[in-house]
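Just below is one structure, and these are the notes that go with it.
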Amino acid sequence: MASDANGRAAPLVGVLALQGDFEDHQVSLEALGLRTTQVRSAAQLGAIDALVLPGGESTTMLKLLELEDLWEPLGAALRSGVPTLATCAGMILLAQSVEDPAQRCYGLLPITVVRNGYGRQYESGTFALTPATDELPTDLEGTFIRAPRVTAVTGACEVLARRGADPVLLRKGNLLAAAFHPELCVGHPVTSIFAAMVRAVADSA
Ligand code: GLN
């Protein structure tokens, strides 16, 4: 089992595993020494130190969250301040407002997003990003797949990176959200930022 320098078990990250690329998140987090577990029920939310909302199809995730009676328990976990990484469809779930078309969201991140805002599959790809923090390297890249576009930041939150003028990596408290997919590249700097957030909270507990 992964453990820290004091022999304590490494923090356990619950990866929402209803749909989408949850296994890629598990691989990239375990490469950094964190433990992961797949979350499909409310009971499984009890034991975790951190959460990941993966990419996939946000409308399908919404349907499954309702079907599994997970909408409320997951919302309570997110509001509790547990460190959370949300990518692409996951970022859509956290937004304040979703357009094109409008859909239900948790409203925990003060952003407006337009689904598929960079076009559909044809325009997907890996792009150079501009970091806005020295926590990230200057040669930062991100892979966008039918990604949401942040069209407005409507409240206090940090913009950590941009694609052109668009915010694509945002942080508010313990919520870290990316329009792109760091989990597709093991060792991506965004995964390292998240792992540091998770360890900081676990160490202070
Ligand atoms: N286009 C998807 C949606 O609107 C998100 C795509 C992704 O997560 N890669 O939910």
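A note on labels: chains of the structure tokens are A, B, ... as shown, every chain counts residues from 1, and ligands are counted from 1 in their shown order.
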
Discussion item. Neighbouring residues of Leu12 in chain A were defined as those with any atom within 10 Å, considering only C-alpha atoms; residues of the same chain fewer than 2 positions away were excluded. Please report them as a ChimeraX atom specification.
Written reply: /A:2,9-10,14-15,29-30,34-37,47-51,198,202

Okay, now the selection with N, CA, C and O atoms, as a PDB file, in the first residue's frame?
```
ATOM      1  N   ALA A   2       0.486   2.292  -0.758  1.00  0.00           N
ATOM      2  CA  ALA A   2       1.273   3.526  -0.776  1.00  0.00           C
ATOM      3  C   ALA A   2       1.222   4.183   0.601  1.00  0.00           C
ATOM      4  O   ALA A   2       0.176   4.250   1.232  1.00  0.00           O
ATOM      5  N   ALA A   9      -0.728   5.531   5.838  1.00  0.00           N
ATOM      6  CA  ALA A   9      -1.282   5.257   4.507  1.00  0.00           C
ATOM      7  C   ALA A   9      -1.427   6.576   3.752  1.00  0.00           C
ATOM      8  O   ALA A   9      -1.778   7.604   4.338  1.00  0.00           O
ATOM      9  N   ALA A  10      -1.114   6.549   2.459  1.00  0.00           N
ATOM     10  CA  ALA A  10      -1.264   7.752   1.638  1.00  0.00           C
ATOM     11  C   ALA A  10      -2.735   8.149   1.583  1.00  0.00           C
ATOM     12  O   ALA A  10      -3.621   7.299   1.731  1.00  0.00           O
ATOM     13  N   GLY A  14     -11.161   9.479  -3.917  1.00  0.00           N
ATOM     14  CA  GLY A  14     -12.332   8.845  -4.511  1.00  0.00           C
ATOM     15  C   GLY A  14     -12.575   9.427  -5.896  1.00  0.00           C
ATOM     16  O   GLY A  14     -12.697  10.637  -6.056  1.00  0.00           O
ATOM     17  N   VAL A  15     -12.601   8.562  -6.888  1.00  0.00           N
ATOM     18  CA  VAL A  15     -12.791   9.019  -8.270  1.00  0.00           C
ATOM     19  C   VAL A  15     -14.205   8.625  -8.691  1.00  0.00           C
ATOM     20  O   VAL A  15     -14.540   7.430  -8.708  1.00  0.00           O
ATOM     21  N   LEU A  29      -2.871   9.576 -10.568  1.00  0.00           N
ATOM     22  CA  LEU A  29      -2.738   9.886  -9.132  1.00  0.00           C
ATOM     23  C   LEU A  29      -1.901   8.829  -8.420  1.00  0.00           C
ATOM     24  O   LEU A  29      -1.082   9.153  -7.549  1.00  0.00           O
ATOM     25  N   GLU A  30      -2.092   7.566  -8.792  1.00  0.00           N
ATOM     26  CA  GLU A  30      -1.295   6.502  -8.157  1.00  0.00           C
ATOM     27  C   GLU A  30       0.181   6.647  -8.525  1.00  0.00           C
ATOM     28  O   GLU A  30       1.058   6.321  -7.723  1.00  0.00           O
ATOM     29  N   LEU A  34      -0.479   8.507  -4.436  1.00  0.00           N
ATOM     30  CA  LEU A  34      -1.765   8.571  -3.740  1.00  0.00           C
ATOM     31  C   LEU A  34      -2.512   7.258  -3.952  1.00  0.00           C
ATOM     32  O   LEU A  34      -2.269   6.546  -4.931  1.00  0.00           O
ATOM     33  N   ARG A  35      -3.421   6.948  -3.023  1.00  0.00           N
ATOM     34  CA  ARG A  35      -4.294   5.793  -3.224  1.00  0.00           C
ATOM     35  C   ARG A  35      -5.582   6.290  -3.881  1.00  0.00           C
ATOM     36  O   ARG A  35      -5.974   7.443  -3.682  1.00  0.00           O
ATOM     37  N   THR A  36      -6.237   5.432  -4.646  1.00  0.00           N
ATOM     38  CA  THR A  36      -7.504   5.829  -5.272  1.00  0.00           C
ATOM     39  C   THR A  36      -8.540   4.728  -5.085  1.00  0.00           C
ATOM     40  O   THR A  36      -8.198   3.557  -4.880  1.00  0.00           O
ATOM     41  N   THR A  37      -9.799   5.141  -5.163  1.00  0.00           N
ATOM     42  CA  THR A  37     -10.894   4.176  -5.128  1.00  0.00           C
ATOM     43  C   THR A  37     -12.022   4.699  -6.012  1.00  0.00           C
ATOM     44  O   THR A  37     -12.197   5.919  -6.131  1.00  0.00           O
ATOM     45  N   ALA A  47     -15.390   7.484   3.178  1.00  0.00           N
ATOM     46  CA  ALA A  47     -14.027   7.075   3.568  1.00  0.00           C
ATOM     47  C   ALA A  47     -12.927   7.849   2.859  1.00  0.00           C
ATOM     48  O   ALA A  47     -11.758   7.552   3.046  1.00  0.00           O
ATOM     49  N   ILE A  48     -13.263   8.835   2.052  1.00  0.00           N
ATOM     50  CA  ILE A  48     -12.234   9.403   1.173  1.00  0.00           C
ATOM     51  C   ILE A  48     -11.662  10.732   1.705  1.00  0.00           C
ATOM     52  O   ILE A  48     -12.312  11.450   2.455  1.00  0.00           O
ATOM     53  N   ASP A  49     -10.432  11.034   1.278  1.00  0.00           N
ATOM     54  CA  ASP A  49      -9.748  12.278   1.664  1.00  0.00           C
ATOM     55  C   ASP A  49      -9.836  13.330   0.570  1.00  0.00           C
ATOM     56  O   ASP A  49      -9.497  14.498   0.790  1.00  0.00           O
ATOM     57  N   ALA A  50     -10.195  12.928  -0.641  1.00  0.00           N
ATOM     58  CA  ALA A  50     -10.230  13.850  -1.786  1.00  0.00           C
ATOM     59  C   ALA A  50     -11.135  13.242  -2.855  1.00  0.00           C
ATOM     60  O   ALA A  50     -11.481  12.056  -2.776  1.00  0.00           O
ATOM     61  N   LEU A  51     -11.503  14.073  -3.828  1.00  0.00           N
ATOM     62  CA  LEU A  51     -12.453  13.633  -4.855  1.00  0.00           C
ATOM     63  C   LEU A  51     -11.964  14.027  -6.242  1.00  0.00           C
ATOM     64  O   LEU A  51     -11.322  15.068  -6.408  1.00  0.00           O
ATOM     65  N   VAL A 198      -4.046  17.818  -1.809  1.00  0.00           N
ATOM     66  CA  VAL A 198      -4.568  16.664  -1.068  1.00  0.00           C
ATOM     67  C   VAL A 198      -3.662  16.370   0.148  1.00  0.00           C
ATOM     68  O   VAL A 198      -4.146  16.176   1.261  1.00  0.00           O
ATOM     69  N   ALA A 202      -4.527  16.481   4.167  1.00  0.00           N
ATOM     70  CA  ALA A 202      -4.359  15.239   4.950  1.00  0.00           C
ATOM     71  C   ALA A 202      -3.369  15.468   6.098  1.00  0.00           C
ATOM     72  O   ALA A 202      -3.591  15.001   7.215  1.00  0.00           O
TER      73      ALA A 202
END
```

Worksheet entry | All residues having an atom within 7 Å of ligand 1 (only C-alpha atoms and all ligand atoms) as a ChimeraX atom specification | /A:55-59,87-90,92,115-116,144-148

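With CA of Arg199 in chain A on one side and CA of Gln96 in chain A on the other, the separation reads 27.4 Å.
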
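The shortest atom-to-atom distance to Ser192 in chain A, with only C-alpha atoms taken into account, belongs to A:Glu135 out of A:Asp166, A:Glu135, A:Glu158, A:Asp100.
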
Worksheet entry | Who sits within 12 Å of Leu65 in chain A, only C-alpha atoms, same chain under 3 positions skipped, as a count of residues only | 25

Discussion item. Quick one: residues within 9 Å of Met197 in chain A, only C-alpha atoms, excluding same-chain residues fewer than 4 positions away - as a ChimeraX atom specification?
Written reply: /A:83-84,174,192-193,201-202

Worksheet item: So which residues of range 3-198 of chain A fall under strand (DSSP E) by DSSP, listed as a PyMOL selection string?
Response: chain A and resi 12-16+35-39+50-53+84-87+95-99+109-114+125-128+130-131+141-144+149-153+158-163+166-172+175-178

Item to complete: Identify all residues of range 9-199 of chain A in helix (DSSP H, G or I) (DSSP on the backbone) and supply them as a ChimeraX atom specification.
Response: /A:22-30,43-45,58-67,71-79,89-94,121-123,182-184,189-199

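Using only C-alpha atoms, the shortest contact distance between Val159 in chain A and any of A:Pro110, A:Gly125, A:Pro189, A:Gly117 is found at A:Pro110.
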
Worksheet item: How many Å lie between CA of Pro137 in chain A and CA of Ser28 in chain A, rounded to one decimal?
Response: 18.2 Å

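Put simply, CA of Leu108 in chain A is 5.4 Å away from CA of Leu94 in chain A.
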
Practice prompt. Identify, on the basis of only C-alpha atoms, every residue whose closest approach to Pro131 in chain A does not exceed 7 Å; exclude the query and any residue fewer than 6 positions from it along the same chain; express the result as a PyMOL selection string.
Written response: chain A and resi 138+140+160-162

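Among the candidates A:Cys157, A:Asp139, A:Pro54, A:Phe127, the residue lying nearest to Leu175 in chain A is A:Cys157 (atoms considered: only C-alpha atoms).
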